[in-house]
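Source file: my_file_10.txt; contents: compact mmCIF, C-alpha atoms.
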# COMPACT_ATOMS: atom_id res chain seq x y z
CA MET A 184 -51.16 -23.16 32.62
CA THR A 185 -47.72 -23.74 31.14
CA VAL A 186 -45.76 -21.03 32.94
CA LEU A 187 -42.41 -22.04 34.39
CA VAL A 188 -40.07 -20.11 36.67
CA VAL A 189 -36.46 -21.09 37.24
CA GLY A 190 -34.50 -18.88 39.63
CA LEU A 191 -32.05 -18.20 42.42
CA SER A 192 -32.37 -15.68 45.24
CA HIS A 193 -30.83 -14.65 48.55
CA ARG A 194 -32.79 -17.51 50.08
CA THR A 195 -31.05 -20.20 48.05
CA ALA A 196 -27.67 -18.91 46.89
CA PRO A 197 -24.66 -17.09 48.40
CA VAL A 198 -23.82 -13.57 47.27
CA SER A 199 -20.83 -14.84 45.29
CA VAL A 200 -23.14 -16.95 43.09
CA LEU A 201 -25.80 -14.26 42.80
CA GLU A 202 -23.22 -11.74 41.63
CA ARG A 203 -21.92 -14.10 38.96
CA ILE A 204 -25.35 -15.12 37.77
CA ALA A 205 -26.75 -11.57 37.62
CA VAL A 206 -27.35 -10.37 34.06
CA PRO A 207 -26.03 -6.83 33.41
CA ALA A 208 -28.45 -4.48 31.67
CA ASP A 209 -26.36 -4.57 28.49
CA ASP A 210 -26.65 -8.38 28.32
CA VAL A 211 -30.38 -8.72 28.97
CA ARG A 212 -31.41 -8.71 25.31
CA LYS A 213 -28.76 -11.28 24.38
CA THR A 214 -29.76 -13.61 27.21
CA VAL A 215 -33.49 -13.28 26.55
CA ASP A 216 -32.99 -13.80 22.81
CA GLU A 217 -31.03 -16.98 23.46
CA LEU A 218 -33.77 -18.32 25.74
CA HIS A 219 -36.52 -17.25 23.35
CA ARG A 220 -34.92 -19.16 20.46
CA ALA A 221 -35.27 -22.47 22.32
CA GLU A 222 -37.80 -24.74 20.62
CA MET A 223 -39.79 -25.50 23.79
CA ILE A 224 -39.99 -21.85 24.99
CA SER A 225 -42.52 -19.48 23.41
CA GLU A 226 -42.33 -16.50 25.80
CA VAL A 227 -39.65 -15.25 28.22
CA LEU A 228 -39.37 -12.62 30.95
CA LEU A 229 -36.08 -12.12 32.82
CA LEU A 230 -36.09 -10.59 36.31
CA SER A 231 -32.53 -9.82 37.45
CA THR A 232 -31.81 -7.86 40.64
CA CYS A 233 -29.01 -7.78 43.19
CA ASN A 234 -30.76 -10.45 45.28
CA ARG A 235 -32.41 -12.66 42.66
CA ILE A 236 -32.47 -13.76 39.07
CA GLU A 237 -35.58 -15.46 37.74
CA VAL A 238 -36.60 -16.62 34.29
CA TYR A 239 -40.34 -16.80 33.65
CA ALA A 240 -41.27 -18.71 30.52
CA ASP A 241 -44.28 -20.10 28.70
CA VAL A 242 -43.12 -23.59 27.82
CA ALA A 243 -44.29 -26.56 25.79
CA ARG A 244 -42.32 -29.17 27.74
CA PHE A 245 -41.32 -28.92 31.39
CA HIS A 246 -38.09 -30.89 31.77
CA PRO A 247 -36.40 -29.77 28.53
CA ALA A 248 -37.29 -26.16 29.35
CA VAL A 249 -35.77 -26.39 32.85
CA ALA A 250 -32.62 -27.90 31.38
CA GLU A 251 -32.36 -25.22 28.68
CA ILE A 252 -32.89 -22.30 31.07
CA THR A 253 -30.38 -23.71 33.55
CA SER A 254 -27.85 -24.23 30.78
CA VAL A 255 -28.20 -20.68 29.46
CA LEU A 256 -27.89 -19.13 32.93
CA ALA A 257 -24.84 -21.25 33.76
CA ARG A 258 -23.17 -20.41 30.45
CA HIS A 259 -23.68 -16.66 30.90
CA ALA A 260 -22.33 -16.86 34.45
CA GLY A 261 -19.33 -18.94 33.44
CA LEU A 262 -20.40 -21.73 35.78
CA GLU A 263 -20.92 -25.44 35.37
CA VAL A 264 -24.56 -26.51 35.39
CA SER A 265 -23.78 -28.75 38.37
CA ASP A 266 -22.53 -25.72 40.32
CA LEU A 267 -25.81 -23.93 39.70
CA THR A 268 -28.47 -26.58 40.17
CA GLU A 269 -28.04 -26.87 43.95
CA HIS A 270 -29.10 -23.23 44.30
CA LEU A 271 -32.05 -23.28 41.89
CA TYR A 272 -35.74 -23.35 42.64
CA VAL A 273 -38.36 -24.30 40.08
CA HIS A 274 -42.09 -23.54 40.10
CA PHE A 275 -44.64 -24.53 37.47
CA ALA A 276 -48.17 -23.54 36.53
CA GLU A 277 -50.18 -22.28 39.54
CA ALA A 278 -47.09 -22.36 41.78
CA ALA A 279 -45.21 -20.13 39.31
CA ALA A 280 -47.98 -17.53 39.39
CA GLU A 281 -48.16 -17.65 43.17
CA HIS A 282 -44.40 -17.17 43.41
CA LEU A 283 -44.40 -14.11 41.16
CA PHE A 284 -47.31 -12.53 43.05
CA THR A 285 -45.43 -13.12 46.31
CA VAL A 286 -42.26 -11.59 44.86
CA ALA A 287 -44.13 -8.55 43.50
CA SER A 288 -45.67 -7.99 46.93
CA GLY A 289 -42.27 -7.81 48.61
CA LEU A 290 -43.06 -10.87 50.72
CA ASP A 291 -40.10 -12.80 49.32
CA SER A 292 -37.59 -9.95 49.73
CA MET A 293 -34.61 -9.93 52.06
CA VAL A 294 -36.38 -7.22 54.04
CA VAL A 295 -40.04 -8.15 53.84
CA GLY A 296 -42.10 -5.41 52.26
CA GLU A 297 -39.37 -3.55 50.37
CA SER A 298 -40.99 -1.91 47.37
CA GLN A 299 -38.15 -1.66 44.88
CA ILE A 300 -38.89 -5.12 43.53
CA LEU A 301 -42.16 -3.84 42.04
CA GLY A 302 -40.28 -1.28 39.93
CA GLN A 303 -37.74 -3.92 38.94
CA LEU A 304 -40.52 -6.25 37.79
CA ARG A 305 -42.11 -3.42 35.82
CA ALA A 306 -38.77 -2.75 34.12
CA ALA A 307 -38.32 -6.46 33.33
CA TYR A 308 -41.80 -6.60 31.79
CA SER A 309 -41.16 -3.46 29.72
CA SER A 310 -37.86 -4.88 28.51
CA GLY A 311 -39.46 -8.18 27.50
CA THR A 312 -42.24 -6.37 25.68
CA GLU A 313 -39.72 -4.22 23.82
CA ILE A 314 -37.61 -7.24 22.88
CA GLY A 315 -40.71 -9.12 21.78
CA SER A 316 -40.28 -12.07 24.14
CA VAL A 317 -43.42 -11.29 26.17
CA GLY A 318 -46.68 -12.41 24.61
CA THR A 319 -50.22 -12.91 25.84
CA VAL A 320 -49.42 -15.45 28.56
CA LEU A 321 -46.65 -13.51 30.32
CA HIS A 322 -48.40 -10.22 29.64
CA ASP A 323 -51.39 -11.37 31.67
CA LEU A 324 -49.17 -12.85 34.38
CA ALA A 325 -46.93 -9.79 34.73
CA GLN A 326 -49.77 -7.28 34.62
CA THR A 327 -51.64 -9.20 37.29
CA ALA A 328 -48.48 -9.40 39.44
CA LEU A 329 -47.96 -5.63 39.15
CA HIS A 330 -51.58 -5.12 40.16
CA VAL A 331 -51.15 -7.47 43.12
CA GLY A 332 -47.99 -5.67 44.28
CA LYS A 333 -49.66 -2.28 44.04
CA ARG A 334 -52.74 -3.51 45.87
CA VAL A 335 -50.59 -4.95 48.67
CA GLN A 336 -48.81 -1.61 49.03
CA THR A 337 -52.04 0.35 49.06
CA GLU A 338 -54.05 -1.88 51.39
CA THR A 339 -51.42 -3.20 53.81
CA GLY A 340 -48.61 -0.65 53.94
CA VAL A 341 -45.90 -3.33 53.92
CA ASP A 342 -44.01 -1.31 51.29
CA ARG A 343 -42.95 1.12 54.00
CA ALA A 344 -40.87 -1.60 55.64
CA GLY A 345 -37.59 -0.99 53.80
CA ALA A 346 -37.65 2.74 54.38
CA SER A 347 -38.81 2.18 57.94
CA VAL A 348 -35.94 -0.20 58.72
CA VAL A 349 -33.32 2.23 57.43
CA SER A 350 -35.01 5.25 59.00
CA VAL A 351 -35.40 3.70 62.45
CA ALA A 352 -31.86 2.33 62.32
CA LEU A 353 -30.45 5.77 61.53
CA ASP A 354 -32.57 7.31 64.28
CA ARG A 355 -30.78 4.96 66.68
CA ALA A 356 -27.42 6.04 65.25
CA GLU A 357 -28.28 9.72 65.61
CA ARG A 358 -29.14 9.27 69.28
CA VAL A 359 -25.84 7.54 69.98
CA LEU A 360 -23.67 9.84 67.89
CA GLY A 361 -25.48 13.07 68.72
CA GLY A 362 -26.30 13.70 65.07
CA LEU A 363 -25.06 12.42 61.71
CA ALA A 364 -23.80 15.59 60.04
CA GLY A 365 -20.03 15.51 59.66
CA ARG A 366 -19.80 11.77 60.41
CA ARG A 367 -18.21 9.14 58.19
CA ALA A 368 -20.46 6.24 57.16
CA LEU A 369 -19.35 2.87 55.85
CA LEU A 370 -21.97 1.08 53.74
CA ILE A 371 -21.36 -2.62 53.24
CA GLY A 372 -23.42 -3.85 50.31
CA ALA A 373 -24.56 -1.92 47.25
CA GLY A 374 -27.88 -3.68 46.67
CA SER A 375 -31.36 -2.24 46.97
CA MET A 376 -31.15 -1.71 50.73
CA GLY A 377 -27.65 -0.25 50.44
CA ALA A 378 -28.87 2.20 47.82
CA LEU A 379 -31.83 3.16 50.01
CA ALA A 380 -29.52 3.65 52.99
CA ALA A 381 -27.14 5.77 50.91
CA ALA A 382 -29.96 8.04 49.75
CA THR A 383 -31.30 8.38 53.31
CA LEU A 384 -27.85 9.18 54.72
CA THR A 385 -27.38 11.86 52.07
CA ARG A 386 -30.73 13.43 52.93
CA ARG A 387 -29.68 13.50 56.58
CA GLY A 388 -26.56 15.48 55.84
CA VAL A 389 -23.91 12.76 55.66
CA ASP A 390 -21.51 13.58 52.82
CA ASP A 391 -18.60 11.27 53.70
CA ILE A 392 -19.77 7.81 52.64
CA VAL A 393 -17.62 4.80 51.77
CA VAL A 394 -19.24 1.92 49.87
CA ALA A 395 -17.75 -1.57 50.32
CA ASN A 396 -19.06 -4.22 47.98
CA ARG A 397 -18.01 -7.60 46.63
CA SER A 398 -18.64 -6.38 43.08
CA ALA A 399 -16.34 -3.41 42.53
CA GLU A 400 -18.37 -2.22 39.55
CA ARG A 401 -21.67 -2.11 41.44
CA GLY A 402 -20.04 -0.47 44.45
CA ALA A 403 -18.47 2.18 42.22
CA VAL A 404 -21.81 2.98 40.57
CA LEU A 405 -23.50 3.60 43.93
CA ALA A 406 -20.53 5.56 45.30
CA GLN A 407 -20.49 7.81 42.23
CA ARG A 408 -24.20 8.42 42.55
CA ILE A 409 -23.85 9.81 46.07
CA GLY A 410 -20.43 11.40 45.69
CA GLY A 411 -18.77 8.79 47.88
CA ARG A 412 -15.84 6.40 47.60
CA ALA A 413 -15.88 2.71 46.68
CA VAL A 414 -13.67 0.01 48.23
CA GLY A 415 -13.52 -3.77 48.22
CA LEU A 416 -14.55 -6.07 51.05
CA ALA A 417 -10.89 -6.63 51.89
CA ASP A 418 -10.62 -2.96 52.83
CA ILE A 419 -13.35 -3.15 55.47
CA PRO A 420 -11.03 -3.49 58.55
CA ALA A 421 -9.12 -0.33 57.59
CA GLU A 422 -12.33 1.59 56.85
CA LEU A 423 -13.86 0.51 60.17
CA ALA A 424 -11.13 2.33 62.05
CA ALA A 425 -12.15 5.66 60.49
CA ALA A 426 -15.91 5.15 60.44
CA ASP A 427 -18.47 6.51 62.89
CA LEU A 428 -21.33 4.50 61.44
CA VAL A 429 -21.51 1.13 59.69
CA LEU A 430 -24.61 -0.07 57.87
CA SER A 431 -24.43 -3.56 56.39
CA SER A 432 -26.97 -5.23 54.08
CA THR A 433 -25.17 -7.65 51.76
CA GLY A 434 -27.47 -10.67 51.80
CA SER A 435 -24.46 -12.90 52.37
CA THR A 436 -25.04 -16.32 53.86
CA GLY A 437 -22.02 -15.92 56.17
CA LEU A 438 -20.41 -13.22 58.30
CA VAL A 439 -18.84 -10.34 56.41
CA VAL A 440 -17.41 -8.57 59.47
CA GLU A 441 -15.78 -10.65 62.21
CA ALA A 442 -15.66 -9.33 65.77
CA ASP A 443 -11.89 -8.90 65.77
CA ALA A 444 -12.10 -6.59 62.75
CA VAL A 445 -13.27 -3.83 65.10
CA GLY A 446 -10.25 -2.48 66.94
CA ASP A 447 -9.76 0.03 69.75
CA ARG A 448 -12.09 2.97 69.23
CA ALA A 449 -10.01 5.25 71.42
CA GLY A 450 -13.04 6.94 72.90
CA ARG A 451 -14.81 7.36 69.55
CA PRO A 452 -18.23 5.64 69.48
CA LEU A 453 -19.10 3.36 66.58
CA VAL A 454 -22.65 2.44 65.63
CA VAL A 455 -23.01 -0.83 63.71
CA LEU A 456 -26.37 -1.23 61.98
CA ASP A 457 -26.72 -4.78 60.69
CA ILE A 458 -29.93 -4.96 58.65
CA ALA A 459 -28.96 -8.10 56.74
CA LEU A 460 -30.76 -11.42 57.01
CA PRO A 461 -28.88 -13.49 58.00
CA ARG A 462 -26.52 -11.20 59.90
CA ASP A 463 -23.47 -9.69 58.19
CA VAL A 464 -21.70 -8.66 61.39
CA ASP A 465 -20.68 -10.88 64.29
CA PRO A 466 -22.94 -9.82 67.20
CA ALA A 467 -19.89 -10.20 69.46
CA VAL A 468 -18.80 -6.73 68.35
CA ALA A 469 -21.37 -5.45 70.84
CA VAL A 470 -18.99 -6.23 73.74
CA ARG A 471 -16.32 -3.93 72.33
CA PRO A 472 -16.05 -0.66 74.27
CA GLY A 473 -17.80 2.18 72.49
CA VAL A 474 -19.62 -0.05 69.97
CA GLU A 475 -23.41 0.07 69.64
CA TYR A 476 -24.63 -2.97 67.71
CA VAL A 477 -28.16 -2.91 66.26
CA ASP A 478 -29.66 -5.79 64.26
CA LEU A 479 -33.07 -6.53 62.78
CA GLU A 480 -34.37 -8.00 66.03
CA ALA A 481 -33.61 -4.75 67.84
CA LEU A 482 -35.28 -2.78 65.05
CA ARG A 483 -38.31 -5.03 65.22
CA ALA A 484 -38.62 -4.16 68.88
CA ASP A 485 -38.57 -0.49 67.85
CA GLY A 486 -41.48 -1.12 65.47
CA ALA A 487 -39.44 -0.86 62.28
CA MET A 488 -40.28 -4.25 60.82
CA VAL A 489 -43.47 -5.29 59.11
CA SER A 490 -45.95 -6.59 61.64
CA ASP A 491 -47.25 -10.14 61.50
CA ALA A 492 -50.72 -8.70 60.91
CA ALA A 493 -49.49 -6.74 57.87
CA VAL A 494 -47.78 -9.82 56.44
CA ALA A 495 -50.96 -11.83 56.99
CA ALA A 496 -53.01 -9.14 55.23
CA ALA A 497 -50.59 -9.07 52.30
CA THR A 498 -50.65 -12.86 52.08
CA ALA A 499 -54.44 -12.80 52.00
CA VAL A 500 -54.37 -10.32 49.10
CA VAL A 501 -51.98 -12.57 47.19
CA ALA A 502 -54.21 -15.61 47.80
CA ALA A 503 -57.36 -13.80 46.65
CA GLU A 504 -55.72 -12.40 43.53
CA LEU A 505 -54.21 -15.78 42.71
CA GLU A 506 -57.63 -17.42 42.88
CA GLY A 507 -59.08 -14.81 40.55
CA TYR A 508 -56.18 -15.05 38.14
CA LEU A 509 -56.34 -18.84 37.94
CA ALA A 510 -60.09 -18.74 37.36
CA ALA A 511 -59.62 -16.22 34.54
CA GLN A 512 -56.89 -18.36 32.99
CA GLN A 513 -59.13 -21.41 33.06
CA ARG A 514 -61.87 -19.45 31.33
CA LEU A 515 -59.38 -18.33 28.69
CA ALA A 516 -58.20 -21.91 28.25
CA VAL A 517 -61.70 -23.10 27.35
CA ALA A 518 -62.27 -20.29 24.82
CA PRO A 519 -60.59 -22.12 21.88
CA THR A 520 -62.80 -25.15 22.51
CA VAL A 521 -65.96 -23.00 22.54
CA THR A 522 -64.80 -21.27 19.37
CA ALA A 523 -64.10 -24.62 17.73
CA LEU A 524 -67.60 -25.83 18.65
CA ARG A 525 -69.19 -22.76 17.12
CA ALA A 526 -66.96 -23.07 14.04
CA ARG A 527 -68.08 -26.72 13.67
CA ALA A 528 -71.73 -25.64 13.97
CA ASN A 529 -71.25 -22.95 11.32
CA GLN A 530 -69.54 -25.48 9.08
CA VAL A 531 -72.53 -27.83 9.38
CA ILE A 532 -74.99 -24.99 8.69
CA ASP A 533 -73.06 -23.83 5.62
CA THR A 534 -72.90 -27.39 4.29
CA GLU A 535 -76.64 -27.89 4.73
CA LEU A 536 -77.44 -24.55 3.11
CA ARG A 537 -75.33 -25.46 0.10
CA ARG A 538 -77.18 -28.77 -0.08
CA LEU A 539 -80.45 -26.85 0.06
CA ASP A 540 -79.28 -24.67 -2.82
CA GLY A 541 -78.61 -27.80 -4.84
CA ARG A 542 -82.00 -29.30 -4.12
CA VAL A 543 -84.04 -26.10 -4.48
CA PRO A 544 -82.02 -23.96 -6.90
CA ASP A 545 -84.95 -21.64 -7.64
CA LEU A 546 -85.55 -20.72 -4.01
CA ASP A 547 -86.31 -17.03 -3.62
CA PRO A 548 -83.23 -15.21 -2.14
CA ALA A 549 -85.36 -13.60 0.54
CA GLU A 550 -86.81 -16.95 1.52
CA ARG A 551 -83.31 -18.50 1.53
CA ARG A 552 -82.10 -15.78 3.90
CA GLU A 553 -85.08 -16.44 6.15
CA VAL A 554 -84.31 -20.16 6.22
CA ALA A 555 -80.63 -19.51 6.89
CA ASP A 556 -81.41 -17.07 9.70
CA ALA A 557 -83.88 -19.51 11.25
CA VAL A 558 -81.37 -22.34 11.18
CA ARG A 559 -78.62 -20.17 12.69
CA ARG A 560 -80.97 -18.93 15.45
CA ALA A 561 -81.95 -22.49 16.29
CA VAL A 562 -78.33 -23.65 16.46
CA GLU A 563 -77.37 -20.61 18.51
CA LYS A 564 -80.11 -21.34 21.04
CA VAL A 565 -79.01 -24.96 21.31
CA LEU A 566 -75.36 -24.00 21.83
CA HIS A 567 -75.93 -21.05 24.13
CA ALA A 568 -76.53 -22.90 27.40
CA PRO A 569 -73.66 -25.43 27.11
CA THR A 570 -71.12 -22.83 25.99
CA VAL A 571 -72.04 -20.44 28.79
CA ARG A 572 -72.04 -23.28 31.30
CA VAL A 573 -68.69 -24.70 30.21
CA LYS A 574 -67.12 -21.25 30.67
CA GLU A 575 -68.55 -21.08 34.18
CA LEU A 576 -67.42 -24.60 35.02
CA ALA A 577 -63.93 -23.88 33.66
CA ALA A 578 -63.29 -21.64 36.67
CA THR A 579 -63.98 -24.48 39.09
CA PRO A 580 -61.47 -27.12 40.24
CA GLY A 581 -60.97 -29.62 37.45
CA GLY A 582 -62.86 -27.34 35.08
CA ASP A 583 -60.60 -28.20 32.17
CA GLN A 584 -62.28 -31.63 32.07
CA TYR A 585 -65.50 -30.10 30.76
CA ALA A 586 -63.72 -28.57 27.78
CA ALA A 587 -61.99 -31.90 27.19
CA ALA A 588 -65.39 -33.60 27.20
CA LEU A 589 -66.71 -31.17 24.58
CA ARG A 590 -63.69 -31.82 22.38
CA GLU A 591 -64.19 -35.57 22.68
CA LEU A 592 -67.96 -35.53 22.13
CA PHE A 593 -67.89 -33.26 19.08
CA ASP A 594 -64.47 -34.35 17.74
CA LEU A 595 -63.18 -30.78 17.94
CA ASP A 596 -59.72 -29.53 17.06
CA PRO A 597 -59.18 -26.02 18.51
CA ALA A 598 -55.91 -25.82 16.54
CA GLY A 599 -57.59 -26.64 13.24
CA PRO A 600 -57.62 -24.02 10.44
CA GLN A 601 -61.32 -23.19 10.73
CA SER A 602 -61.13 -22.90 14.54
CA VAL A 603 -58.05 -20.68 14.37
CA ALA A 604 -59.69 -18.48 11.75
CA ALA A 605 -62.79 -18.16 13.92
CA MET A 606 -60.64 -17.31 16.96
CA LYS A 607 -58.78 -14.61 15.04
CA LYS A 608 -62.06 -13.17 13.81
CA ALA A 609 -63.36 -13.04 17.38
CA THR A 610 -60.17 -11.46 18.76
CA PRO A 611 -58.18 -9.78 15.96
CA ASP A 612 -55.21 -9.03 18.26
CA ALA A 613 -55.25 -12.31 20.16
CA GLY A 614 -51.61 -12.92 19.35
CA LEU A 615 -50.47 -9.59 20.78
CA PRO A 616 -49.94 -8.56 24.40
CA GLY A 617 -53.30 -7.51 25.73
CA GLY A 618 -55.23 -9.47 23.12
CA ALA A 619 -56.62 -11.83 25.71
CA ARG A 620 -58.24 -9.11 27.76
Here is the file; what I need is its structure written in the form of structure tokens.
Amino acid sequence: MTVLVVGLSHRTAPVSVLERIAVPADDVRKTVDELHRAEMISEVLLLSTCNRIEVYADVARFHPAVAEITSVLARHAGLEVSDLTEHLYVHFAEAAAEHLFTVASGLDSMVVGESQILGQLRAAYSSGTEIGSVGTVLHDLAQTALHVGKRVQTETGVDRAGASVVSVALDRAERVLGGLAGRRALLIGAGSMGALAAATLTRRGVDDIVVANRSAERGAVLAQRIGGRAVGLADIPAELAAADLVLSSTGSTGLVVEADAVGDRAGRPLVVLDIALPRDVDPAVAVRPGVEYVDLEALRADGAMVSDAAVAAATAVVAAELEGYLAAQQRLAVAPTVTALRARANQVIDTELRRLDGRVPDLDPAERREVADAVRRAVEKVLHAPTVRVKELAATPGGDQYAAALRELFDLDPAGPQSVAAMKKATPDAGLPGGAR
């Protein structure tokens, strides 16, 4: 495999970097086109969300490709490469596939199990296909990842985690406040969890919602969607004074709300729901009179979080699907060698038949066909067992060595004109997405 992923996420970078590195929808084509033009990159898929940006690429050379992708991302973010590299992670070959399957399953999300990432991956794949940057390699990888994510949702139920966290958290708020209708909610963070919380609050009758976000543009988009009001993070202390409910989910690596930002409630209760990991709100706010502080640990105790058993089941699905995917890729990798072997055999047969024509020019056409068919049947029988066996062995550890041995023994060139022609004849759409299946 030659798949490479270079990325940043909430696990490796602060929100300030993630917001700068994020690629707006209007800039996706430009960024992908720039990456796709690089000499060492043949296919590209760009996954950009509020909590991660990842470039998946089919590459010819590892180190130059990493350098090129990093350079493009830094340039689009207006950052120096040196400012970006400390936050990057890089996976290659099998590790790249495993990472994408884990991401698609929601196991790498800020709230484990959230399902929005699957839709975001589907959109990224569709965009790459439309642009023309996704070919056979990334088509197979992305389609398998989408299948893995869907299977994890269906068989383990971890996709209910995000909705469960928000729902259970708001149940706690309702008990404390005696209902949510007519209350003012302050949402801190306009990412996937913030959007989910906003939609849930709206369904529960809350129509006075303030959205505070580091990116004013993203906060304004969410606020407009729910008929709320957008403010900056600097406005949080003032908004806290008027709020009845605070729900924070920024993904920041440091505190967003300090304890002293919460003033005298004057007999008005305030529920603070901190569903960020790590925490957004200083837990010391819990000692303030009238403040009910709820974090992910408290919600876990209420059964809102994904259970360890569910995570283990999802991880097992990822492992099983990864094994199957890698085996299939190894079988695909040996196909050009098998095709080259058959092309070489056909070349030898054609040469010998032409020689026969020269030696016996008056041979009856029917008899010539019989001779040709007999020779081809004999060669086919000789080649059948080794070609079937090499495909089977290709799916085993180190299976690529068997194809290499065939190439060495028979002096085969899978990239040669006759081999390529034979491959195209066998799979007319091999160069298009889906051609390998």
Among listed residues A:Leu290, A:Thr436, A:Ile532, A:Ala577, nearest Asp491 of chain A (using all atoms listed in the file):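 Checking each candidate against Asp491 of chain A, we get A:Leu290 as the closest.
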Who sits within 12 Å of Glu269 of chain A, only C-alpha atoms, same chain under 3 positions skipped, as a list of chain:residue names: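 So the residues in contact are A:Gly190, A:Leu191, A:Thr195, A:Ala196, A:Pro197, A:Val200, A:Thr253, A:Glu263, A:Val264, A:Ser265, A:Asp266, A:Tyr272, A:Val273.
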Using the selection just defined, write its residues with C-alpha atoms as a compact mmCIF listing (two decimals), in the coordinates of the input.
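Saved to selection-v2.txt:
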# COMPACT_ATOMS: atom_id res chain seq x y z
CA GLY A 190 -34.50 -18.88 39.63
CA LEU A 191 -32.05 -18.20 42.42
CA THR A 195 -31.05 -20.20 48.05
CA ALA A 196 -27.67 -18.91 46.89
CA PRO A 197 -24.66 -17.09 48.40
CA VAL A 200 -23.14 -16.95 43.09
CA THR A 253 -30.38 -23.71 33.55
CA GLU A 263 -20.92 -25.44 35.37
CA VAL A 264 -24.56 -26.51 35.39
CA SER A 265 -23.78 -28.75 38.37
CA ASP A 266 -22.53 -25.72 40.32
CA TYR A 272 -35.74 -23.35 42.64
CA VAL A 273 -38.36 -24.30 40.08
Atom CA of Glu504 of chain A to atom CA of Gly332 of chain A, distance in Å rounded to a single decimal: 10.3 Å
Counting only C-alpha atoms, which residues of segment 430-532 of chain A sit at most 6 Å from some atom of segment 359-375 of chain A, and what is each one's closest atom pair with its distance in Å to one decimal, listed by chain and rising residue number, as JSON lines?
{"residue": "A:Leu430", "atom": "CA", "partner": "A:Leu370", "partner_atom": "CA", "distance": 5.0}
{"residue": "A:Ser431", "atom": "CA", "partner": "A:Ile371", "partner_atom": "CA", "distance": 4.5}
{"residue": "A:Ser432", "atom": "CA", "partner": "A:Gly372", "partner_atom": "CA", "distance": 5.4}
{"residue": "A:Thr433", "atom": "CA", "partner": "A:Gly372", "partner_atom": "CA", "distance": 4.4}
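Distance check against Gln336 of chain A using all atoms listed in the file: of A:Val500, A:Leu460, A:Leu524, A:Arg537, the minimum falls on A:Val500.
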Skip Lys333 of chain A itself and residues of its chain fewer than 2 positions away, then list as a JSON list (two decimals) with C-alpha atoms, in the frame of the given file all residues within 12 Å of it, counting all atoms listed in the file.
[["chain", "number", "residue", "atom", "x", "y", "z"],
["A", 284, "PHE", "CA", -47.31, -12.53, 43.05],
["A", 285, "THR", "CA", -45.43, -13.12, 46.31],
["A", 286, "VAL", "CA", -42.26, -11.59, 44.86],
["A", 287, "ALA", "CA", -44.13, -8.55, 43.50],
["A", 288, "SER", "CA", -45.67, -7.99, 46.93],
["A", 289, "GLY", "CA", -42.27, -7.81, 48.61],
["A", 296, "GLY", "CA", -42.10, -5.41, 52.26],
["A", 298, "SER", "CA", -40.99, -1.91, 47.37],
["A", 299, "GLN", "CA", -38.15, -1.66, 44.88],
["A", 300, "ILE", "CA", -38.89, -5.12, 43.53],
["A", 301, "LEU", "CA", -42.16, -3.84, 42.04],
["A", 302, "GLY", "CA", -40.28, -1.28, 39.93],
["A", 304, "LEU", "CA", -40.52, -6.25, 37.79],
["A", 305, "ARG", "CA", -42.11, -3.42, 35.82],
["A", 326, "GLN", "CA", -49.77, -7.28, 34.62],
["A", 327, "THR", "CA", -51.64, -9.20, 37.29],
["A", 328, "ALA", "CA", -48.48, -9.40, 39.44],
["A", 329, "LEU", "CA", -47.96, -5.63, 39.15],
["A", 330, "HIS", "CA", -51.58, -5.12, 40.16],
["A", 331, "VAL", "CA", -51.15, -7.47, 43.12],
["A", 335, "VAL", "CA", -50.59, -4.95, 48.67],
["A", 336, "GLN", "CA", -48.81, -1.61, 49.03],
["A", 337, "THR", "CA", -52.04, 0.35, 49.06],
["A", 338, "GLU", "CA", -54.05, -1.88, 51.39],
["A", 339, "THR", "CA", -51.42, -3.20, 53.81],
["A", 340, "GLY", "CA", -48.61, -0.65, 53.94],
["A", 341, "VAL", "CA", -45.90, -3.33, 53.92],
["A", 342, "ASP", "CA", -44.01, -1.31, 51.29],
["A", 497, "ALA", "CA", -50.59, -9.07, 52.30],
["A", 500, "VAL", "CA", -54.37, -10.32, 49.10],
["A", 501, "VAL", "CA", -51.98, -12.57, 47.19],
["A", 504, "GLU", "CA", -55.72, -12.40, 43.53]]
Contacts of Leu283 of chain A within 9 Å, all atoms listed in the file, excl. fewer than 5 positions in-chain, as a PyMOL selection string: chain A and resi 188+239+278+288+324-325+328
Residue with smallest distance to Val389 of chain A - pool A:Ala413, A:Leu428, A:Ala526, A:Val238, counting all atoms listed in the file: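 Looking at the shortest contact to Val389 of chain A, the residue is A:Leu428.
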All residues 12 Å or closer to Gly473 of chain A, all atoms listed in the file, same chain fewer than 5 positions away omitted, as number ranges by chain: A: 359-360, 427-428, 445-455, 468
Atom CA of Leu592 of chain A to atom CA of Asn529 of chain A, straight-line distance in Å: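 Straight-line distance from atom CA of Asn529 of chain A to atom CA of Leu592 of chain A works out to 16.9 Å.
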Closest of A:Phe593, A:Tyr585, A:Ser199, A:Arg525 to Lys564 of chain A - atom-to-atom distances counting all atoms listed in the file: A:Arg525
Expected answer as number ranges by chain: all residues with atoms within 12 Å of (-70.2, -27.2, 16.3), all atoms listed in the file: A: 520-533, 559, 562-563, 565-567, 569-570, 589-590, 592-597, 601-602, 605
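Going from atom CA of Gly411 of chain A over to atom CA of Ile392 of chain A, you cover 5.0 Å.
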Long-range neighbours of Val317 of chain A as a ChimeraX atom specification, 10 Å cut-off, only C-alpha atoms, 2 positions minimum in chain: /A:219,225-229,239-241,308-315,319-323,325,615-616
Pick from A:Ala425, A:Val295, A:Leu479, A:Val348 nearest to Asp391 of chain A, counting all atoms listed in the file: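 Looking only at the distances to Asp391 of chain A, the closest residue turns out to be A:Ala425.
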